[in-house]
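S.K.: I'd like to ask you about the structure that follows.
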Amino acid sequence: MEHTAEHQEHSGGGTKEIVKVTIILTVLTIVELILGFWMISIPLERASFRLAVKGTIVILMLAKAFYIVAYFMHLKHEIKNMIMTIVVPLALFVWFIIAFLYDGNSFRHLRNTYDPHYKEQSTIKIEKKEHSSETKQEGAKPNDAKDGKQEEKKATH
Amino acid sequence: MATTATAPGTKLWGGGKSPFNVEYGKLMMWYFLMSDAFTFGAFLISYGTIRFSTNGWPDPNEVFRSFPFAPEGVHAPLVFVSIMTFILIISSVTMVLAVHAGHNMDKKGVVKNLILTIIGGLAFLSCQAWEWTHLHHEGAWWGANPFLNHDGTASSTNFTNYFFTITGFHGFHVFSGVIINIVMLIMTLTDQFEKRGHYLMIEKAGLYWHFVDLVWVFVFTCFYLI
């Protein structure tokens with residue numbers, strides 16, 4: 001009995017809140033999908049514009065994550081110290097994401113600058129028809145080629 | 001000392017009081033989920049790093065463009081995966097309703113909403129099974145990538161490796177979540193929580209289920225949208 005009384009204290013706004021959060025999540029998802037559909041029609045050449053749309057989608061994603069954790073998982077209604085023990089360690093992700101994505105990007109630049117072979121391989125276009133029949137066979141047998149080698153193999157066809 | 005420790009709002013750690021005001025099992029579930037978040041975070045950041053270090057990448061709208069019972073060459077990007085996303089959101093809502101019913105000691109409400117959550121989970125798993133089968137028939141698997149990059153150049157197997165590993169890991173979480181919910185349903189039906197006087201177990205299962213939905217929010221965005 002002690003437990004139920006204890007939980008009444010921080011159980012939040014009840015059904016009304018659930019309905020509200022459901023609507024917010026649905027709207028955010030629909031907006032994400034609209035942006036996703038819109039991006040199909042944006043040409044690849046407008047790279048920075050595409051990146052901006054992708055950034056918007058990521059922000060909407062974080063908003064969705066916040067609503068799920070804060071309201072569905074009730075974290076908002078817990079004691080502040082407890083919230084901190086969970087949220088503060090997750091701040092590591094900020095460093096994690098910046099460091100690793102920057103590293104990946106720098107690796108790509110270095111390869112494109114100092115490895116002309118790699119740069120050349122990644123600009124050879126492949127005809128779609130021929131490719132799909134070729135890959136049907138590839139999918140049937142186990143393929144142990146590592147990605148770099150496979151790229152070479154396909155490109156030389 | 002004793003009087004100040006029991007006064008509300010002061011000296012949380014003075015003893016005689018639960019500093020976080022949650023049950024032990026629930027707190028541990030939170031810490032488990034935090035560690036699980038690091039696992040998924042590491043997966044997704046690794047995927048992002050590889051994507052940033054590669055010149056080309058397949059267009060998700062070309063890869064994920066089919067849905068069940070559709071004719072062969074259909075081009076319907078984002079349709080099937082948005083259905084999957086809504087299934088998971090709705091099952092999360094029914095779970096939160098089950099937790100809410102548990103607070104009010106409403107056994108009927110718990111049973112009804114748990115059943116709906118289990119159905120939602122199974123529906124999501126079926127969708128994923130169909131999608132994996134479909135992609136496998138197209139020649140995609142770990143180590144095999146039949147898709148071209150966005151710009152028509154050859155693509156690496158990193159794309160399929162990451163897709164199957166991360167959605168597979170998430171799908172396995174959904175599967176174990178469904179099993180946990182079925183156990184909760186059986187425990188509710190056999191009146192175990194009524195005897196205990198509280199439905200706190202439903203809350204812990206609920207936390208896990210919401211986490212599964214949360215991870216899907218990230219997987220869905222990283223693989224299908226951007």
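Ligands are numbered from 1 in the order shown, residues from 1 within each chain, and chains are lettered A, B, ... in the order they appear in the structure tokens.
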Give me, as JSON lines, each residue of chain B that comes within 6 Å of chain A, together with its shortest interatomic pair and the distance in Å at one decimal, counting only C-alpha atoms, with rows ordered by chain and rising residue number.

M.R.:
{"residue": "B:Phe20", "atom": "CA", "partner": "A:Met82", "partner_atom": "CA", "distance": 5.7}
{"residue": "B:Thr49", "atom": "CA", "partner": "A:Gly104", "partner_atom": "CA", "distance": 4.7}
{"residue": "B:Phe52", "atom": "CA", "partner": "A:Asn105", "partner_atom": "CA", "distance": 4.9}
{"residue": "B:Ser53", "atom": "CA", "partner": "A:Gly104", "partner_atom": "CA", "distance": 4.3}
{"residue": "B:Gly139", "atom": "CA", "partner": "A:Gly139", "partner_atom": "CA", "distance": 4.1}
{"residue": "B:Gly143", "atom": "CA", "partner": "A:Asn143", "partner_atom": "CA", "distance": 5.9}
{"residue": "B:Pro146", "atom": "CA", "partner": "A:Thr135", "partner_atom": "CA", "distance": 5.3}
{"residue": "B:Gly152", "atom": "CA", "partner": "A:Lys125", "partner_atom": "CA", "distance": 5.1}
{"residue": "B:Thr153", "atom": "CA", "partner": "A:Lys125", "partner_atom": "CA", "distance": 4.3}
{"residue": "B:Ser156", "atom": "CA", "partner": "A:Asp147", "partner_atom": "CA", "distance": 5.0}
{"residue": "B:Thr157", "atom": "CA", "partner": "A:Asp147", "partner_atom": "CA", "distance": 5.3}
{"residue": "B:Leu207", "atom": "CA", "partner": "A:Met73", "partner_atom": "CA", "distance": 5.7}
{"residue": "B:Leu225", "atom": "CA", "partner": "A:Gly36", "partner_atom": "CA", "distance": 5.5}
{"residue": "B:Ile226", "atom": "CA", "partner": "A:Lys54", "partner_atom": "CA", "distance": 5.7}

S.K.: Just the residues within 10 Å of B:His134, please, counting only C-alpha atoms, with nothing from its chain fewer than 5 positions along; format it as a list in words.

M.R.: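 Once the adjacent positions are removed, what remains is Phe64, Ser66, Phe67, Pro68, Gln128, Ala129, Gly139 and Ala140 of chain B.
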
S.K.: Pull the strand (DSSP E or B) assignments for stretch 20-217 of chain B out of DSSP run on the backbone, and list those residues as a PyMOL selection string.

M.R.: chain B and resi 58+141+144+148-149+153-154

S.K.: Report the distance between atom CA of A:Glu45 and atom CA of B:Pro58 in Å, rounded to one decimal place.

M.R.: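 Straight-line distance from atom CA of A:Glu45 to atom CA of B:Pro58 works out to 15.4 Å.
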
S.K.: In Å, rounded to a single decimal, give me how far atom CA of B:Ile202 is from atom CA of B:Gly25.

M.R.: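 So the two atoms, atom CA of B:Gly25 and atom CA of B:Ile202, lie 11.5 Å apart.
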
S.K.: Could you pull the residues within 7 Å of stretch 70-85 of chain B, counting only C-alpha atoms, minus those fewer than 4 positions along the same chain, as a list in words?

M.R.: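 So the residues in contact are Asn61, Glu62, Phe64, Arg65, Ser66, Ile89, Phe124 and Cys127 of chain B.
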
S.K.: Could you write out the selected residues, including C-alpha atoms, as a PDB file, in the first residue's frame?

M.R.:
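And here's selection-v2.pdb as it stands now:
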ATOM      1  CA  ASN B  61      14.362   5.899 -51.042  1.00  0.00           C
ATOM      2  CA  GLU B  62      15.610   3.541 -53.746  1.00  0.00           C
ATOM      3  CA  PHE B  64      13.345   0.707 -49.164  1.00  0.00           C
ATOM      4  CA  ARG B  65      10.654   1.350 -51.711  1.00  0.00           C
ATOM      5  CA  SER B  66       8.443  -1.729 -51.658  1.00  0.00           C
ATOM      6  CA  ILE B  89       4.256   4.509 -31.470  1.00  0.00           C
ATOM      7  CA  PHE B 124       6.132  -4.724 -35.950  1.00  0.00           C
ATOM      8  CA  CYS B 127       6.781  -6.127 -40.816  1.00  0.00           C
TER       9      CYS B 127
END

S.K.: Please, what distance in Å, to one decimal, runs between atom CA of B:Phe40 and atom CA of B:Val217?

M.R.: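 We find that atom CA of B:Phe40 and atom CA of B:Val217 lie 11.8 Å from each other.
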
S.K.: Neighbouring residues of B:His100 were defined as those with any atom within 9 Å, considering only C-alpha atoms; residues of the same chain fewer than 2 positions away were excluded. Please report them as an NGL selection string.

M.R.: (:A and (11 or 14-15)) or (:B and (95-98 or 102-106 or 109-110 or 203))

S.K.: May I have the selected residues written with N, CA and C atoms, as a PDB file, in the first residue's frame?

M.R.:
ATOM      1  N   SER A  11       3.055  10.542 -10.465  1.00  0.00           N
ATOM      2  CA  SER A  11       2.559   9.795 -11.606  1.00  0.00           C
ATOM      3  C   SER A  11       2.205  10.713 -12.769  1.00  0.00           C
ATOM      4  N   GLY A  14      -1.620  11.993 -15.979  1.00  0.00           N
ATOM      5  CA  GLY A  14      -2.626  10.997 -16.293  1.00  0.00           C
ATOM      6  C   GLY A  14      -2.989  10.935 -17.766  1.00  0.00           C
ATOM      7  N   THR A  15      -4.232  10.463 -18.027  1.00  0.00           N
ATOM      8  CA  THR A  15      -4.655  10.168 -19.388  1.00  0.00           C
ATOM      9  C   THR A  15      -4.566  11.374 -20.322  1.00  0.00           C
TER      10      THR A  15
ATOM     11  N   MET B  95       1.032   0.750 -24.073  1.00  0.00           N
ATOM     12  CA  MET B  95       1.826   0.344 -22.906  1.00  0.00           C
ATOM     13  C   MET B  95       1.710   1.374 -21.788  1.00  0.00           C
ATOM     14  N   VAL B  96       1.783   2.649 -22.170  1.00  0.00           N
ATOM     15  CA  VAL B  96       1.697   3.681 -21.138  1.00  0.00           C
ATOM     16  C   VAL B  96       0.300   3.665 -20.505  1.00  0.00           C
ATOM     17  N   LEU B  97      -0.714   3.301 -21.292  1.00  0.00           N
ATOM     18  CA  LEU B  97      -2.067   3.167 -20.737  1.00  0.00           C
ATOM     19  C   LEU B  97      -2.134   1.985 -19.775  1.00  0.00           C
ATOM     20  N   ALA B  98      -1.399   0.899 -20.103  1.00  0.00           N
ATOM     21  CA  ALA B  98      -1.368  -0.257 -19.203  1.00  0.00           C
ATOM     22  C   ALA B  98      -0.720   0.125 -17.874  1.00  0.00           C
ATOM     23  N   GLY B 102      -2.388   0.226 -14.212  1.00  0.00           N
ATOM     24  CA  GLY B 102      -1.750  -0.429 -13.075  1.00  0.00           C
ATOM     25  C   GLY B 102      -1.695   0.469 -11.851  1.00  0.00           C
ATOM     26  N   HIS B 103      -1.435   1.752 -12.074  1.00  0.00           N
ATOM     27  CA  HIS B 103      -1.426   2.706 -10.959  1.00  0.00           C
ATOM     28  C   HIS B 103      -2.761   2.723 -10.240  1.00  0.00           C
ATOM     29  N   ASN B 104      -3.837   2.626 -11.051  1.00  0.00           N
ATOM     30  CA  ASN B 104      -5.176   2.693 -10.467  1.00  0.00           C
ATOM     31  C   ASN B 104      -5.695   1.320 -10.042  1.00  0.00           C
ATOM     32  N   MET B 105      -4.792   0.316 -10.021  1.00  0.00           N
ATOM     33  CA  MET B 105      -5.160  -1.055  -9.631  1.00  0.00           C
ATOM     34  C   MET B 105      -6.316  -1.597 -10.488  1.00  0.00           C
ATOM     35  N   ASP B 106      -6.323  -1.206 -11.759  1.00  0.00           N
ATOM     36  CA  ASP B 106      -7.399  -1.614 -12.661  1.00  0.00           C
ATOM     37  C   ASP B 106      -6.914  -2.808 -13.483  1.00  0.00           C
ATOM     38  N   GLY B 109      -8.066  -3.077 -17.220  1.00  0.00           N
ATOM     39  CA  GLY B 109      -7.368  -2.137 -18.101  1.00  0.00           C
ATOM     40  C   GLY B 109      -5.965  -2.600 -18.417  1.00  0.00           C
ATOM     41  N   VAL B 110      -5.268  -3.138 -17.408  1.00  0.00           N
ATOM     42  CA  VAL B 110      -3.908  -3.628 -17.629  1.00  0.00           C
ATOM     43  C   VAL B 110      -3.923  -4.752 -18.662  1.00  0.00           C
ATOM     44  N   GLU B 203       5.351  -1.353 -14.689  1.00  0.00           N
ATOM     45  CA  GLU B 203       6.092  -0.125 -14.952  1.00  0.00           C
ATOM     46  C   GLU B 203       7.477  -0.420 -15.498  1.00  0.00           C
TER      47      GLU B 203
END
